[in-house]
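Pasted below: upload37.tsv, TSV, C-alpha atoms and all ligand atoms.
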```tsv
chain	number	residue	atom	x	y	z
A	1	MET	CA	2.54	-51.98	190.89
A	2	PRO	CA	-0.96	-53.45	191.18
A	3	GLU	CA	-1.54	-57.19	190.64
A	4	ASP	CA	-3.87	-56.63	187.68
A	5	LYS	CA	-1.08	-55.09	185.58
A	6	ILE	CA	1.37	-57.99	186.08
A	7	ASP	CA	0.00	-60.10	183.21
A	8	GLN	CA	0.91	-57.35	180.75
A	9	ILE	CA	4.63	-57.35	181.65
A	10	ASP	CA	7.34	-58.85	179.43
A	11	PHE	CA	9.73	-59.96	182.19
A	12	ASP	CA	12.71	-60.67	179.90
A	13	ASP	CA	12.51	-57.11	178.69
A	14	LEU	CA	11.90	-55.74	182.19
A	15	ASN	CA	14.88	-57.58	183.66
A	16	GLN	CA	17.10	-56.15	180.94
A	17	ARG	CA	15.87	-52.66	181.75
A	18	ALA	CA	16.22	-53.14	185.51
A	19	ILE	CA	18.85	-50.81	186.99
A	20	SER	CA	20.04	-53.63	189.27
A	21	GLN	CA	19.72	-57.38	189.66
A	22	PRO	CA	18.72	-59.51	192.69
A	23	LEU	CA	21.54	-59.84	195.23
A	24	VAL	CA	20.71	-63.52	195.73
A	25	THR	CA	18.58	-65.84	193.61
A	26	HIS	CA	18.59	-69.13	195.59
A	27	ILE	CA	16.00	-67.75	198.02
A	28	TYR	CA	13.50	-64.88	197.88
A	29	THR	CA	14.35	-61.92	200.09
A	30	ALA	CA	12.58	-58.62	200.79
A	31	ASP	CA	12.41	-55.56	203.06
A	32	PRO	CA	16.19	-55.04	203.20
A	33	SER	CA	17.56	-53.18	206.22
A	34	ALA	CA	21.22	-52.52	205.45
A	35	HIS	CA	23.95	-51.50	207.91
A	36	VAL	CA	27.71	-51.28	207.89
A	37	PHE	CA	29.31	-53.08	210.83
A	38	ASN	CA	33.11	-53.38	211.05
A	39	GLY	CA	33.58	-52.18	207.47
A	40	LYS	CA	31.23	-54.76	205.95
A	41	ILE	CA	27.63	-54.50	204.70
A	42	TYR	CA	24.99	-56.59	206.46
A	43	ILE	CA	21.47	-56.83	205.07
A	44	TYR	CA	18.61	-57.88	207.35
A	45	PRO	CA	15.79	-58.94	205.00
A	46	SER	CA	12.54	-60.81	205.22
A	47	HIS	CA	12.82	-64.36	203.84
A	48	ASP	CA	9.90	-64.76	201.45
A	49	ILE	CA	8.33	-68.18	200.94
A	50	ASP	CA	5.24	-69.51	199.24
A	51	ALA	CA	3.23	-70.91	202.13
A	52	GLY	CA	0.11	-71.37	199.99
A	53	GLU	CA	-1.87	-68.54	201.60
A	54	ALA	CA	-4.22	-66.66	199.25
A	55	PHE	CA	-3.53	-62.98	198.41
A	56	ASP	CA	-5.58	-60.54	200.49
A	57	ASP	CA	-5.39	-56.91	201.61
A	58	LEU	CA	-4.36	-58.02	205.10
A	59	GLY	CA	-1.11	-59.55	203.79
A	60	SER	CA	-1.94	-63.15	204.79
A	61	HIS	CA	0.17	-64.33	201.83
A	62	PHE	CA	3.28	-62.92	203.55
A	63	ALA	CA	3.65	-66.01	205.75
A	64	MET	CA	7.38	-65.91	206.38
A	65	GLU	CA	8.89	-68.23	209.01
A	66	ASP	CA	12.55	-67.30	209.46
A	67	TYR	CA	15.36	-64.87	208.76
A	68	HIS	CA	18.62	-65.25	206.83
A	69	ILE	CA	21.16	-62.41	207.03
A	70	LEU	CA	23.08	-61.42	203.89
A	71	SER	CA	26.57	-59.93	203.96
A	72	MET	CA	28.71	-58.20	201.35
A	73	ASP	CA	32.28	-56.89	201.36
A	74	SER	CA	31.02	-54.01	199.20
A	75	PRO	CA	27.91	-53.24	197.11
A	76	GLN	CA	29.77	-54.51	194.04
A	77	THR	CA	30.63	-57.96	195.42
A	78	GLU	CA	28.64	-61.16	195.79
A	79	ALA	CA	26.10	-61.31	198.62
A	80	ILE	CA	26.57	-64.23	201.01
A	81	ASP	CA	23.62	-65.96	202.67
A	82	ASN	CA	24.72	-66.70	206.24
A	83	GLY	CA	22.02	-69.31	206.84
A	84	LEU	CA	19.29	-69.54	209.43
A	85	ALA	CA	19.49	-66.64	211.91
A	86	LEU	CA	16.15	-67.00	213.70
A	87	HIS	CA	13.05	-69.19	213.22
A	88	VAL	CA	9.55	-68.39	214.40
A	89	ASN	CA	9.47	-71.70	216.31
A	90	ASP	CA	12.23	-70.32	218.53
A	91	VAL	CA	10.28	-67.18	219.46
A	92	PRO	CA	8.01	-68.12	222.40
A	93	TRP	CA	5.52	-65.26	221.97
A	94	ALA	CA	5.25	-65.39	218.15
A	95	ASP	CA	2.88	-67.49	216.06
A	96	LYS	CA	3.51	-66.49	212.43
A	97	GLN	CA	4.41	-63.88	209.82
A	98	LEU	CA	7.99	-62.80	210.49
A	99	TRP	CA	7.82	-59.52	208.56
A	100	ALA	CA	10.39	-56.79	207.89
A	101	PRO	CA	13.21	-56.77	210.47
A	102	ASP	CA	16.03	-54.40	211.34
A	103	ALA	CA	19.20	-54.67	213.41
A	104	THR	CA	21.64	-52.55	215.35
A	105	GLU	CA	24.80	-52.98	217.39
A	106	LYS	CA	25.80	-51.79	220.85
A	107	ASP	CA	28.93	-52.71	222.84
A	108	GLY	CA	29.61	-55.79	220.70
A	109	THR	CA	26.08	-57.20	220.90
A	110	TYR	CA	23.83	-57.30	217.83
A	111	TYR	CA	20.11	-56.74	218.25
A	112	LEU	CA	17.60	-58.06	215.72
A	113	PHE	CA	14.21	-56.33	215.90
A	114	PHE	CA	11.33	-58.07	214.15
A	115	PRO	CA	7.54	-58.00	213.88
A	116	ALA	CA	5.40	-61.10	214.13
A	117	LYS	CA	1.82	-61.99	214.90
A	118	GLY	CA	1.38	-63.31	218.41
A	119	HIS	CA	-0.87	-66.24	219.29
A	120	ASP	CA	-3.69	-63.67	219.71
A	121	GLY	CA	-3.37	-62.57	216.05
A	122	ILE	CA	-1.93	-59.17	217.01
A	123	PHE	CA	1.32	-57.90	215.49
A	124	ARG	CA	4.00	-57.00	218.05
A	125	ILE	CA	7.71	-56.28	217.79
A	126	GLY	CA	10.28	-58.59	219.31
A	127	VAL	CA	14.01	-58.47	219.88
A	128	ALA	CA	16.70	-61.14	219.69
A	129	THR	CA	20.41	-60.84	220.41
A	130	SER	CA	23.66	-62.34	219.18
A	131	SER	CA	27.40	-61.80	219.49
A	132	SER	CA	27.61	-61.98	215.68
A	133	PRO	CA	25.95	-59.68	213.12
A	134	VAL	CA	24.70	-62.75	211.23
A	135	GLY	CA	23.38	-64.63	214.24
A	136	PRO	CA	22.14	-67.09	215.25
A	137	PHE	CA	19.95	-64.79	217.36
A	138	LYS	CA	18.29	-65.72	220.65
A	139	ALA	CA	14.85	-64.21	221.04
A	140	LYS	CA	13.63	-62.65	224.28
A	141	PRO	CA	10.66	-64.65	225.61
A	142	GLU	CA	8.22	-61.71	225.39
A	143	ALA	CA	7.58	-59.07	222.74
A	144	ILE	CA	8.75	-55.54	223.56
A	145	GLN	CA	6.30	-54.05	226.07
A	146	GLU	CA	3.90	-51.50	224.55
A	147	SER	CA	5.03	-52.50	221.04
A	148	PHE	CA	2.49	-53.00	218.28
A	149	SER	CA	2.19	-53.12	214.48
A	150	ILE	CA	5.15	-53.82	212.15
A	151	ASP	CA	8.32	-52.72	210.37
A	152	PRO	CA	10.75	-51.65	213.11
A	153	ALA	CA	13.67	-49.50	211.98
A	154	VAL	CA	16.29	-48.60	214.58
A	155	PHE	CA	18.36	-45.44	214.18
A	156	LYS	CA	21.43	-44.54	216.25
A	157	ASP	CA	21.89	-40.81	216.54
A	158	ASP	CA	25.30	-39.14	216.76
A	159	ASN	CA	24.93	-38.70	220.54
A	160	GLY	CA	24.56	-42.46	221.04
A	161	SER	CA	20.76	-42.48	221.55
A	162	TYR	CA	18.78	-45.18	219.73
A	163	TYR	CA	15.25	-44.67	218.38
A	164	MET	CA	12.79	-47.15	216.94
A	165	TYR	CA	10.48	-46.08	214.09
A	166	PHE	CA	7.63	-48.45	213.33
A	167	GLY	CA	4.08	-48.99	212.12
A	168	GLY	CA	2.20	-50.05	209.05
A	169	ILE	CA	-1.45	-49.71	208.05
A	170	TRP	CA	-3.94	-52.31	206.71
A	171	GLY	CA	-2.24	-55.74	207.31
A	172	GLY	CA	0.20	-54.05	209.70
A	173	GLN	CA	-2.82	-53.16	211.91
A	174	LEU	CA	-1.75	-49.59	212.79
A	175	GLN	CA	-5.29	-48.32	212.12
A	176	ARG	CA	-6.61	-50.68	214.81
A	177	TRP	CA	-4.59	-48.85	217.50
A	178	ARG	CA	-6.10	-45.37	217.01
A	179	THR	CA	-7.62	-45.30	220.50
A	180	GLY	CA	-4.48	-46.67	222.16
A	181	ASN	CA	-6.00	-50.16	222.47
A	182	PHE	CA	-6.25	-52.84	219.79
A	183	ASN	CA	-9.64	-52.78	218.08
A	184	SER	CA	-10.45	-56.31	216.91
A	185	GLY	CA	-13.72	-55.38	215.17
A	186	HIS	CA	-14.35	-56.09	211.47
A	187	PRO	CA	-11.38	-58.52	211.33
A	188	GLU	CA	-11.53	-59.02	207.54
A	189	SER	CA	-11.79	-55.32	206.64
A	190	PRO	CA	-8.55	-53.54	205.66
A	191	VAL	CA	-10.24	-50.13	205.76
A	192	ALA	CA	-11.97	-50.44	209.15
A	193	PHE	CA	-10.78	-47.72	211.55
A	194	LEU	CA	-8.94	-45.65	208.91
A	195	PRO	CA	-9.47	-41.87	209.14
A	196	GLU	CA	-11.75	-40.21	206.58
A	197	ASN	CA	-9.91	-39.00	203.49
A	198	ASN	CA	-10.12	-35.36	204.61
A	199	GLU	CA	-8.72	-36.17	208.07
A	200	PRO	CA	-4.99	-36.27	208.95
A	201	ALA	CA	-3.33	-39.50	207.85
A	202	LEU	CA	-2.19	-42.05	210.41
A	203	CYS	CA	1.38	-41.49	211.56
A	204	ALA	CA	4.37	-43.77	211.89
A	205	LYS	CA	5.49	-44.13	215.52
A	206	VAL	CA	8.80	-43.26	217.13
A	207	ALA	CA	10.12	-44.20	220.57
A	208	LYS	CA	13.53	-43.79	222.16
A	209	LEU	CA	14.97	-47.13	223.25
A	210	ARG	CA	16.20	-47.92	226.76
A	211	ASP	CA	19.96	-48.16	227.34
A	212	ASP	CA	19.75	-51.98	227.14
A	213	LEU	CA	17.88	-51.67	223.79
A	214	LEU	CA	15.38	-54.30	224.96
A	215	GLY	CA	12.46	-51.94	225.45
A	216	PHE	CA	11.03	-48.47	224.94
A	217	ALA	CA	12.29	-45.67	227.20
A	218	GLU	CA	9.05	-43.75	226.57
A	219	ALA	CA	5.56	-44.20	225.16
A	220	PRO	CA	5.67	-44.21	221.33
A	221	LYS	CA	4.84	-40.84	219.76
A	222	ASP	CA	3.31	-39.90	216.41
A	223	LEU	CA	5.76	-38.93	213.69
A	224	LEU	CA	4.00	-36.09	211.93
A	225	ILE	CA	4.55	-35.45	208.21
A	226	LEU	CA	3.50	-31.97	207.08
A	227	ASP	CA	2.79	-30.66	203.61
A	228	GLU	CA	4.26	-27.52	202.02
A	229	ASN	CA	1.78	-25.36	204.00
A	230	GLY	CA	2.69	-26.87	207.35
A	231	ASP	CA	-0.52	-28.94	207.54
A	232	PRO	CA	-0.50	-32.69	208.29
A	233	LEU	CA	-0.76	-34.89	205.20
A	234	LEU	CA	-4.31	-36.17	204.82
A	235	ASN	CA	-5.45	-39.78	204.71
A	236	GLY	CA	-6.71	-39.26	201.14
A	237	ASP	CA	-3.29	-38.05	199.99
A	238	ASN	CA	-2.20	-41.60	199.31
A	239	SER	CA	0.72	-40.76	197.00
A	240	ARG	CA	2.40	-38.94	199.89
A	241	ARG	CA	1.05	-40.22	203.21
A	242	PHE	CA	2.84	-42.85	205.32
A	243	PHE	CA	1.76	-46.48	204.86
A	244	GLU	CA	4.67	-48.68	206.16
A	245	ALA	CA	8.43	-49.36	205.87
A	246	SER	CA	9.93	-46.61	208.04
A	247	TRP	CA	13.61	-45.75	207.70
A	248	MET	CA	15.69	-42.96	209.25
A	249	HIS	CA	19.06	-41.64	208.18
A	250	LYS	CA	20.97	-38.44	208.66
A	251	TYR	CA	22.68	-36.44	205.92
A	252	ASN	CA	24.47	-33.13	206.46
A	253	GLY	CA	22.85	-32.72	209.90
A	254	LYS	CA	19.27	-33.20	208.62
A	255	TYR	CA	17.02	-36.11	209.58
A	256	TYR	CA	15.59	-37.98	206.58
A	257	PHE	CA	12.51	-40.07	207.38
A	258	SER	CA	11.65	-42.33	204.44
A	259	TYR	CA	8.72	-44.71	204.01
A	260	SER	CA	6.45	-46.55	201.60
A	261	THR	CA	3.10	-45.14	200.47
A	262	GLY	CA	1.70	-48.70	200.18
A	263	ASP	CA	-1.22	-48.68	197.76
A	264	THR	CA	0.49	-46.10	195.52
A	265	HIS	CA	3.72	-48.16	195.57
A	266	LEU	CA	6.17	-45.28	196.12
A	267	VAL	CA	9.09	-44.74	198.47
A	268	CYS	CA	8.99	-41.12	199.67
A	269	TYR	CA	10.81	-39.03	202.28
A	270	ALA	CA	10.33	-36.10	204.60
A	271	LEU	CA	12.88	-33.83	206.30
A	272	GLY	CA	13.19	-32.84	209.96
A	273	ASP	CA	15.56	-31.20	212.41
A	274	ASN	CA	15.46	-33.83	215.15
A	275	PRO	CA	14.59	-37.56	215.50
A	276	TYR	CA	10.96	-36.87	216.48
A	277	GLY	CA	10.04	-34.30	213.84
A	278	PRO	CA	7.77	-32.80	212.72
A	279	PHE	CA	8.92	-33.70	209.22
A	280	THR	CA	8.05	-31.95	205.99
A	281	TYR	CA	7.30	-33.97	202.88
A	282	ALA	CA	10.25	-33.64	200.47
A	283	GLY	CA	9.66	-35.95	197.51
A	284	ARG	CA	9.97	-39.40	195.98
A	285	ILE	CA	12.98	-41.67	196.31
A	286	LEU	CA	11.81	-44.66	194.27
A	287	GLU	CA	9.15	-44.99	191.58
A	288	PRO	CA	7.00	-48.18	191.70
A	289	VAL	CA	8.69	-51.54	191.36
A	290	VAL	CA	7.14	-54.74	190.04
A	291	GLY	CA	5.15	-56.19	192.92
A	292	TRP	CA	2.68	-54.58	195.32
A	293	THR	CA	5.07	-53.66	198.12
A	294	SER	CA	8.01	-51.30	198.11
A	295	HIS	CA	10.38	-51.36	201.07
A	296	HIS	CA	13.86	-49.95	201.33
A	297	SER	CA	16.78	-48.80	203.44
A	298	ILE	CA	19.45	-46.18	202.90
A	299	CYS	CA	23.03	-46.70	203.94
A	300	GLU	CA	26.43	-45.05	203.35
A	301	PHE	CA	29.44	-47.17	202.42
A	302	GLU	CA	32.88	-45.65	201.83
A	303	GLY	CA	31.46	-42.19	201.06
A	304	GLN	CA	28.75	-43.32	198.62
A	305	TRP	CA	25.08	-43.62	199.60
A	306	TYR	CA	23.03	-46.63	198.50
A	307	LEU	CA	19.35	-47.50	198.29
A	308	PHE	CA	18.55	-51.11	199.16
A	309	TYR	CA	15.10	-52.11	197.88
A	310	HIS	CA	13.21	-55.09	196.49
A	311	ASP	CA	11.04	-56.06	193.57
A	312	SER	CA	9.21	-59.16	192.30
A	313	SER	CA	11.06	-59.38	188.96
A	314	LEU	CA	12.73	-62.76	189.67
A	315	SER	CA	9.39	-64.40	190.53
A	316	LYS	CA	7.79	-62.75	187.49
A	317	GLY	CA	5.53	-60.55	189.55
A	318	VAL	CA	4.49	-62.78	192.46
A	319	THR	CA	3.67	-60.23	195.19
A	320	HIS	CA	5.05	-62.22	198.11
A	321	LEU	CA	8.18	-63.59	196.36
A	322	ARG	CA	10.54	-60.65	196.21
A	323	SER	CA	14.26	-60.08	195.71
A	324	VAL	CA	16.57	-57.59	197.39
A	325	LYS	CA	18.55	-55.20	195.17
A	326	VAL	CA	20.91	-52.25	195.64
A	327	THR	CA	21.58	-49.10	193.62
A	328	PRO	CA	23.51	-45.87	194.28
A	329	LEU	CA	21.51	-42.98	195.74
A	330	GLU	CA	22.43	-39.36	194.96
A	331	TYR	CA	21.59	-35.99	196.51
A	332	ASP	CA	21.48	-32.68	194.70
A	333	GLU	CA	23.32	-29.59	195.97
A	334	ASN	CA	20.35	-28.73	198.25
A	335	GLY	CA	20.30	-32.15	199.88
A	336	LYS	CA	17.27	-33.34	197.90
A	337	ILE	CA	17.37	-37.02	196.98
A	338	LYS	CA	17.29	-37.64	193.22
A	339	THR	CA	14.29	-39.85	192.36
A	340	ILE	CA	15.26	-43.33	191.15
A	341	ALA	CA	13.42	-45.14	188.33
A	342	PRO	CA	13.92	-48.90	188.94
A	343	TYR	CA	13.76	-49.75	185.22
A	344	SER	CA	15.12	-47.66	182.35
A	345	SER	CA	12.57	-46.70	179.70
B	401	LIG	O1	7.23	-58.28	204.00
B	401	LIG	C1	5.99	-58.14	204.65
B	401	LIG	C2	5.53	-56.73	204.62
B	401	LIG	O2	5.43	-56.29	203.26
B	401	LIG	C3	6.49	-55.75	205.24
B	401	LIG	O3	6.49	-55.76	206.63
B	401	LIG	C4	6.00	-54.51	204.61
B	401	LIG	O4	6.85	-53.40	204.77
B	401	LIG	C5	5.86	-54.94	203.18
B	401	LIG	O5	7.07	-54.91	202.48
```

Reformat the file's structure so that it appears as structure tokens.
Amino acid sequence: MPEDKIDQIDFDDLNQRAISQPLVTHIYTADPSAHVFNGKIYIYPSHDIDAGEAFDDLGSHFAMEDYHILSMDSPQTEAIDNGLALHVNDVPWADKQLWAPDATEKDGTYYLFFPAKGHDGIFRIGVATSSSPVGPFKAKPEAIQESFSIDPAVFKDDNGSYYMYFGGIWGGQLQRWRTGNFNSGHPESPVAFLPENNEPALCAKVAKLRDDLLGFAEAPKDLLILDENGDPLLNGDNSRRFFEASWMHKYNGKYYFSYSTGDTHLVCYALGDNPYGPFTYAGRILEPVVGWTSHHSICEFEGQWYLFYHDSSLSKGVTHLRSVKVTPLEYDENGKIKTIAPYSS
């Protein structure tokens, strides 16, 4: 929801109509990546703070410095904050802006994947490891080679292969990588290097991970989203094209790639037959929440699927002070996800 509409909101009324409440209220949390490890739910969120940076279209106001992992015995029980898991000061290559992370597990080691701006002002993706799902995590000294942009989401396929989905436009800098190299021109312009509106939209990226999960096994590829005619979604189709916040899950043998449309504030999804796609646009998962960003994950727990998401209701609409929430997610008989309205009318 755009900033200019926030003043018109009655937050007491909105919070009563909200379909779910913040999982924790003692800190602000966002961008929830939820996983079930050993029968318990772990949520890997951003830890929002007010660092005093002014709002801009490059996301400078998202000046997060650390991560706290939340855990829950079930979606109905209290969420526990497990304390400091990683701080930017302990990541040698990173300067600032610890944005949306994700995590996975392999052979008893937990891997935290996270974006941050390096000392050169360029977003890269790093990895940190721990023997516990809640950390503390120890960061590798360098960012993942050939990584760029933001919002890593790691998916383990049934055959044991791991894939990373990533990328985000505007503040996430994806548009600056169109030639394969970072274009540092027009540093203040969010629209520099975007395609024309009648050109194919920029794609999220996907890369298989190496066996040690510490790097890419291949050069990242474009994840193509097609429309109902089999044509790539266009840059001007901003209620359907990819912006940021990749997530992958599998349901009844189909691959569901879900993402945020950014400036139209939707969470949408597209269906494919393999981890690389192409994917075909399939619909909306979540209507706009209060706050500019929408970022989610989808996770199954004891036979029920859940959408983890965030909004800015607790902070009364402050864009960069968000709160993680959870709500059940349902499919229809054809495997289509039923669209969720975050507030009842
Ligand atoms: O939290 C910072 C950024 O805002 C994330 O990386 C984006 O997905 C958006 O939620």

With a distance cut-off of 10 Å and all atoms listed in the file, select the neighbouring residues of stretch 111-127 of chain A, excluding the residue or stretch itself and same-chain residues fewer than 6 positions from it, and output the selection as a PDB file with C-alpha atoms, in the frame of the given file.
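This is the output file selection30.pdb:
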```pdb
ATOM      1  CA  TYR A  44      18.610 -57.880 207.350  1.00  0.00           C
ATOM      2  CA  SER A  46      12.540 -60.810 205.220  1.00  0.00           C
ATOM      3  CA  ALA A  63       3.650 -66.010 205.750  1.00  0.00           C
ATOM      4  CA  MET A  64       7.380 -65.910 206.380  1.00  0.00           C
ATOM      5  CA  GLU A  65       8.890 -68.230 209.010  1.00  0.00           C
ATOM      6  CA  TYR A  67      15.360 -64.870 208.760  1.00  0.00           C
ATOM      7  CA  ALA A  85      19.490 -66.640 211.910  1.00  0.00           C
ATOM      8  CA  LEU A  86      16.150 -67.000 213.700  1.00  0.00           C
ATOM      9  CA  VAL A  88       9.550 -68.390 214.400  1.00  0.00           C
ATOM     10  CA  VAL A  91      10.280 -67.180 219.460  1.00  0.00           C
ATOM     11  CA  PRO A  92       8.010 -68.120 222.400  1.00  0.00           C
ATOM     12  CA  TRP A  93       5.520 -65.260 221.970  1.00  0.00           C
ATOM     13  CA  ALA A  94       5.250 -65.390 218.150  1.00  0.00           C
ATOM     14  CA  ASP A  95       2.880 -67.490 216.060  1.00  0.00           C
ATOM     15  CA  LYS A  96       3.510 -66.490 212.430  1.00  0.00           C
ATOM     16  CA  GLN A  97       4.410 -63.880 209.820  1.00  0.00           C
ATOM     17  CA  LEU A  98       7.990 -62.800 210.490  1.00  0.00           C
ATOM     18  CA  TRP A  99       7.820 -59.520 208.560  1.00  0.00           C
ATOM     19  CA  ALA A 100      10.390 -56.790 207.890  1.00  0.00           C
ATOM     20  CA  PRO A 101      13.210 -56.770 210.470  1.00  0.00           C
ATOM     21  CA  ASP A 102      16.030 -54.400 211.340  1.00  0.00           C
ATOM     22  CA  ALA A 103      19.200 -54.670 213.410  1.00  0.00           C
ATOM     23  CA  THR A 104      21.640 -52.550 215.350  1.00  0.00           C
ATOM     24  CA  GLU A 105      24.800 -52.980 217.390  1.00  0.00           C
ATOM     25  CA  PRO A 133      25.950 -59.680 213.120  1.00  0.00           C
ATOM     26  CA  VAL A 134      24.700 -62.750 211.230  1.00  0.00           C
ATOM     27  CA  GLY A 135      23.380 -64.630 214.240  1.00  0.00           C
ATOM     28  CA  PHE A 137      19.950 -64.790 217.360  1.00  0.00           C
ATOM     29  CA  LYS A 138      18.290 -65.720 220.650  1.00  0.00           C
ATOM     30  CA  ALA A 139      14.850 -64.210 221.040  1.00  0.00           C
ATOM     31  CA  LYS A 140      13.630 -62.650 224.280  1.00  0.00           C
ATOM     32  CA  PRO A 141      10.660 -64.650 225.610  1.00  0.00           C
ATOM     33  CA  GLU A 142       8.220 -61.710 225.390  1.00  0.00           C
ATOM     34  CA  ALA A 143       7.580 -59.070 222.740  1.00  0.00           C
ATOM     35  CA  ILE A 144       8.750 -55.540 223.560  1.00  0.00           C
ATOM     36  CA  GLN A 145       6.300 -54.050 226.070  1.00  0.00           C
ATOM     37  CA  GLU A 146       3.900 -51.500 224.550  1.00  0.00           C
ATOM     38  CA  SER A 147       5.030 -52.500 221.040  1.00  0.00           C
ATOM     39  CA  PHE A 148       2.490 -53.000 218.280  1.00  0.00           C
ATOM     40  CA  SER A 149       2.190 -53.120 214.480  1.00  0.00           C
ATOM     41  CA  ILE A 150       5.150 -53.820 212.150  1.00  0.00           C
ATOM     42  CA  ASP A 151       8.320 -52.720 210.370  1.00  0.00           C
ATOM     43  CA  PRO A 152      10.750 -51.650 213.110  1.00  0.00           C
ATOM     44  CA  ALA A 153      13.670 -49.500 211.980  1.00  0.00           C
ATOM     45  CA  VAL A 154      16.290 -48.600 214.580  1.00  0.00           C
ATOM     46  CA  MET A 164      12.790 -47.150 216.940  1.00  0.00           C
ATOM     47  CA  PHE A 166       7.630 -48.450 213.330  1.00  0.00           C
ATOM     48  CA  GLY A 167       4.080 -48.990 212.120  1.00  0.00           C
ATOM     49  CA  GLY A 171      -2.240 -55.740 207.310  1.00  0.00           C
ATOM     50  CA  GLY A 172       0.200 -54.050 209.700  1.00  0.00           C
ATOM     51  CA  GLN A 173      -2.820 -53.160 211.910  1.00  0.00           C
ATOM     52  CA  LEU A 174      -1.750 -49.590 212.790  1.00  0.00           C
ATOM     53  CA  ARG A 176      -6.610 -50.680 214.810  1.00  0.00           C
ATOM     54  CA  PHE A 182      -6.250 -52.840 219.790  1.00  0.00           C
ATOM     55  CA  SER A 184     -10.450 -56.310 216.910  1.00  0.00           C
ATOM     56  CA  LEU A 213      17.880 -51.670 223.790  1.00  0.00           C
ATOM     57  CA  LEU A 214      15.380 -54.300 224.960  1.00  0.00           C
ATOM     58  CA  GLY A 215      12.460 -51.940 225.450  1.00  0.00           C
TER      59      GLY A 215
END
```

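Atom CA of A:Asp222 is positioned 15.8 Å from atom CA of A:Tyr255.
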
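With only C-alpha atoms as the basis for measurement, A:Tyr28 is the residue among A:Tyr42, A:Trp305, A:Tyr28, A:Tyr343 that approaches A:Val324 most closely.
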
| task | Could you check how far atom CA of A:Tyr309 sits from atom C4 of ligand LIG 401 (chain B), in Å to one decimal? | result |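 Between these atoms lies a distance of 11.6 Å.
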
| request: Counting only C-alpha atoms, figure out which residue out of A:Gly335, A:Gly185, A:Pro75, A:Pro32 gets nearest to A:Glu300. | output: A:Pro75

| query | Looking at A:Ser130, A:Thr29, A:Asn235, A:Asn198, which one is nearest to ligand LIG 401 (chain B), with distances taken over all atoms listed in the file? | reply |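 Of A:Ser130, A:Thr29, A:Asn235, A:Asn198, the one nearest ligand LIG 401 (chain B), counting all atoms listed in the file, is A:Thr29.
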
| message | I'd like the interatomic distance between atom CA of A:Tyr162 and atom CA of A:Asp31, to a tenth of an Å. | response |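 Those two atoms sit 20.6 Å apart.
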
| query | Which residue gives the smallest distance to A:Cys203 among A:Asp237, A:Glu287, A:Glu244, A:Glu228, with only C-alpha atoms counted? | reply | A:Glu244

| Out of A:Tyr163, A:Trp177, A:Phe243, A:Trp170, which residue has the shortest atom-to-atom distance to A:Arg210 when counting all atoms listed in the file? |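 Of all the options, A:Tyr163 lies closest to A:Arg210.
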